[in-house]
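J.: Pasting a structure here, questions to come.
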Amino acid sequence: MPVVPTLDVEKYLDFKSMTHYLKAVSSAAPHLVRAFSIGKSKAGRPILVAEVTNRNLREGRQKPGIWIDGGHQGWHLLGSTACLELLRFLVAGHGRDEFLTDLVDQTVFYIAPRLAPDEMELCLKSGALVPQTAGEEKVSEVGRQFRVLNSLGSWKPFKRDNRVMVGRNPEDRKGPFFDLYRQVDSERLGQIGPHDFPNTSRQEIPLQLPSTRAVFEFMRTYGNVFAAISTSGPGDRVSLVSNHADTGLLKNLSQRLSELAGLPCAPSNPARKKPGQFLSWVSE
């Protein structure tokens with residue numbers, strides 16, 4: 001039974017740490033996990049997928065497959081973490097839990113934790129909410145900042161206008177100092193792409209983004225995928241979105257995903273058709 005590295009779900013991993021974790025899990029259980037790239041971002045970062053199945057029995061492409069992704073946008077931080085925790089849970093449970101062992105033996109999971117690695121790196125380092133776009137990247141004005149007093153905080157009020165916060169210098173000793181947080185408009189964030197998947201009702205040329213092009217080619221190549229789960233959110237939740245009409249099934253899937261990931265997960269209402277979005281395209 002593999003000894004899987006632990007994952008600290010209390011913090012978000014940058015791209016380097018996420019890649020290191022995927023490699024560590026693959027090394028701990030090479031017969032269960034195979035990590036590979038399905039494409040590259042604009043900045044050249046690999047778009048990674050972890051294939052999880054017991055290859056000692058059969059190769060993954062000979063089994064029914066489930067696609068699970070996160071990080072379609074830079075602020076989908078919690079969804080990305082949920083994918084990593086699900087990966088850890090599946091591998092750690094193999095050989096220890098009868099249900100998980102049978103699941104990994106008979107099914108293959110394709111887990112893509114970070115489809116927008118460039119935008120998520122910007123969000124983690126600067127707090128910028130940058131959507132994936134085929135053109136020029138712009139910070140999205142979909143939130144406001146609020147401050148929390150902290151003697152060890154990294155921000156201080158500007159002398160000429162205390163409504164403005166500036167970075168704290170290493171030599172600063174006299175406060176007050178603050179931590180800054182962004183309060184996001186979740187509804188508006190949900191309206192922002194990517195809307196780049198093929199759709200007959202749109203005139204725009206599809207597949208202009210590296211992530212959508214990579215996912216499209218993967219689905220076209222791996223014909224064994226029969227289900228798709230997309231975890232997303234601005235960082236305050238994990239949402240399970242589906243176009244399936246059976247809300248009872250959606251609720252059960254959401255509950256199970258929450259149990260497996262150890263993170264709060266809530267189903268959305270059955271999604272209205274949104275031209276060019278992943279779940280609209282993959283359900284057709």
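So you can find residues: chains in the structure tokens are A, B, ... in the order shown, residues in each start at 1, and ligands are numbered from 1 in order.
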Restrict the calculation to only C-alpha atoms, then for each residue of stretch 37-141 of chain A with any atom at most 12 Å from an atom of stretch 215-228 of chain A give the closest atom pair and their distance in Å to one decimal, rows by chain and rising residue number, as CSV.
T.:
residue,atom,partner,partner_atom,distance
A:Ser37,CA,A:Phe218,CA,10.2
A:Ile38,CA,A:Phe218,CA,6.9
A:Gly39,CA,A:Val215,CA,8.5
A:Lys40,CA,A:Val215,CA,11.1
A:Ile47,CA,A:Val215,CA,9.4
A:Leu48,CA,A:Val215,CA,10.7
A:Val49,CA,A:Phe218,CA,10.1
A:Glu51,CA,A:Tyr222,CA,11.7
A:Glu59,CA,A:Asn224,CA,11.5
A:Gly60,CA,A:Asn224,CA,8.8
A:Arg61,CA,A:Asn224,CA,6.2
A:Gln62,CA,A:Asn224,CA,7.4
A:Lys63,CA,A:Asn224,CA,6.7
A:Pro64,CA,A:Asn224,CA,5.3
A:Gly65,CA,A:Val225,CA,4.2
A:Ile66,CA,A:Ala227,CA,5.0
A:Trp67,CA,A:Ala228,CA,4.6
A:Ile68,CA,A:Ala228,CA,5.8
A:Asp69,CA,A:Ala228,CA,8.1
A:Gly70,CA,A:Ala228,CA,11.3
A:His72,CA,A:Val215,CA,10.8
A:Thr107,CA,A:Val225,CA,10.0
A:Val108,CA,A:Val225,CA,8.7
A:Phe109,CA,A:Val225,CA,8.9
A:Tyr110,CA,A:Val225,CA,8.7
A:Ile111,CA,A:Ala228,CA,10.1
A:Ala112,CA,A:Val215,CA,9.4
A:Arg114,CA,A:Val215,CA,11.7
A:Leu115,CA,A:Val215,CA,8.7
A:Ala116,CA,A:Val215,CA,11.6
J.: Mind writing the picked residues with N, CA, C and O atoms as a compact mmCIF listing (two decimals), in the first residue's frame?
T.:
# COMPACT_ATOMS: atom_id res chain seq x y z
N SER A 37 1.53 16.01 -19.31
CA SER A 37 1.07 17.31 -19.79
C SER A 37 0.19 17.13 -21.02
O SER A 37 0.50 16.31 -21.89
N ILE A 38 -0.90 17.90 -21.08
CA ILE A 38 -1.77 17.85 -22.26
C ILE A 38 -1.65 19.12 -23.10
O ILE A 38 -2.34 19.28 -24.10
N GLY A 39 -0.77 20.03 -22.69
CA GLY A 39 -0.58 21.27 -23.43
C GLY A 39 0.25 22.24 -22.60
O GLY A 39 0.73 21.90 -21.52
N LYS A 40 0.41 23.45 -23.12
CA LYS A 40 1.17 24.47 -22.42
C LYS A 40 0.40 25.78 -22.39
O LYS A 40 -0.34 26.11 -23.32
N ILE A 47 0.22 22.16 -18.77
CA ILE A 47 -1.13 21.93 -18.24
C ILE A 47 -1.18 20.45 -17.88
O ILE A 47 -1.25 19.58 -18.75
N LEU A 48 -1.13 20.17 -16.59
CA LEU A 48 -0.89 18.81 -16.10
C LEU A 48 -2.19 18.06 -15.80
O LEU A 48 -3.16 18.64 -15.33
N VAL A 49 -2.15 16.77 -16.07
CA VAL A 49 -3.24 15.86 -15.74
C VAL A 49 -2.64 14.66 -15.01
O VAL A 49 -1.58 14.16 -15.40
N GLU A 51 -3.41 10.85 -14.18
CA GLU A 51 -4.23 9.67 -14.45
C GLU A 51 -4.14 8.75 -13.24
O GLU A 51 -3.05 8.35 -12.84
N GLU A 59 -4.58 -1.02 -18.55
CA GLU A 59 -4.24 0.37 -18.80
C GLU A 59 -5.47 1.25 -18.67
O GLU A 59 -6.61 0.80 -18.89
N GLY A 60 -5.25 2.51 -18.33
CA GLY A 60 -6.36 3.41 -18.07
C GLY A 60 -7.31 3.57 -19.23
O GLY A 60 -8.53 3.65 -19.05
N ARG A 61 -6.81 3.62 -20.45
CA ARG A 61 -7.67 3.86 -21.61
C ARG A 61 -8.54 2.66 -21.95
O ARG A 61 -9.40 2.74 -22.83
N GLN A 62 -8.35 1.55 -21.24
CA GLN A 62 -9.20 0.38 -21.41
C GLN A 62 -10.33 0.34 -20.38
O GLN A 62 -11.08 -0.63 -20.33
N LYS A 63 -10.45 1.41 -19.57
CA LYS A 63 -11.46 1.47 -18.52
C LYS A 63 -12.34 2.71 -18.72
O LYS A 63 -11.93 3.67 -19.37
N PRO A 64 -13.55 2.70 -18.15
CA PRO A 64 -14.37 3.92 -18.19
C PRO A 64 -13.70 5.04 -17.41
O PRO A 64 -13.16 4.83 -16.32
N GLY A 65 -13.71 6.24 -17.99
CA GLY A 65 -12.97 7.35 -17.41
C GLY A 65 -13.85 8.48 -16.89
O GLY A 65 -14.92 8.76 -17.44
N ILE A 66 -13.38 9.13 -15.84
CA ILE A 66 -14.04 10.30 -15.26
C ILE A 66 -13.05 11.46 -15.29
O ILE A 66 -11.94 11.35 -14.76
N TRP A 67 -13.46 12.55 -15.90
CA TRP A 67 -12.64 13.76 -15.96
C TRP A 67 -13.02 14.68 -14.81
O TRP A 67 -14.19 14.97 -14.60
N ILE A 68 -12.03 15.13 -14.05
CA ILE A 68 -12.26 16.07 -12.95
C ILE A 68 -11.24 17.20 -13.09
O ILE A 68 -10.04 16.95 -13.16
N ASP A 69 -11.73 18.43 -13.14
CA ASP A 69 -10.79 19.54 -13.33
C ASP A 69 -11.04 20.65 -12.33
O ASP A 69 -12.06 20.71 -11.65
N GLY A 70 -10.08 21.54 -12.26
CA GLY A 70 -10.16 22.74 -11.43
C GLY A 70 -9.30 23.83 -12.04
O GLY A 70 -8.47 23.57 -12.91
N HIS A 72 -10.12 26.63 -13.91
CA HIS A 72 -10.39 27.19 -15.23
C HIS A 72 -10.02 28.67 -15.28
O HIS A 72 -9.72 29.20 -16.35
N THR A 107 -11.96 1.83 -12.59
CA THR A 107 -12.22 3.12 -13.24
C THR A 107 -10.92 3.89 -13.36
O THR A 107 -9.98 3.66 -12.61
N VAL A 108 -10.87 4.80 -14.32
CA VAL A 108 -9.72 5.69 -14.42
C VAL A 108 -10.19 7.12 -14.22
O VAL A 108 -11.21 7.55 -14.76
N PHE A 109 -9.46 7.85 -13.39
CA PHE A 109 -9.74 9.26 -13.14
C PHE A 109 -8.67 10.10 -13.85
O PHE A 109 -7.48 9.83 -13.74
N TYR A 110 -9.13 11.11 -14.56
CA TYR A 110 -8.22 12.09 -15.15
C TYR A 110 -8.42 13.40 -14.40
O TYR A 110 -9.44 14.08 -14.57
N ILE A 111 -7.47 13.74 -13.55
CA ILE A 111 -7.59 14.90 -12.67
C ILE A 111 -6.67 16.01 -13.16
O ILE A 111 -5.44 15.85 -13.18
N ALA A 112 -7.28 17.12 -13.57
CA ALA A 112 -6.53 18.29 -14.05
C ALA A 112 -6.71 19.42 -13.05
O ALA A 112 -7.71 20.14 -13.10
N ARG A 114 -5.20 22.32 -12.55
CA ARG A 114 -4.91 23.74 -12.82
C ARG A 114 -4.87 23.98 -14.33
O ARG A 114 -3.83 23.87 -14.97
N LEU A 115 -6.02 24.35 -14.89
CA LEU A 115 -6.11 24.57 -16.32
C LEU A 115 -5.65 25.98 -16.73
O LEU A 115 -5.38 26.22 -17.90
N ALA A 116 -5.59 26.89 -15.78
CA ALA A 116 -5.12 28.26 -16.05
C ALA A 116 -3.93 28.57 -15.14
O ALA A 116 -4.02 29.41 -14.24
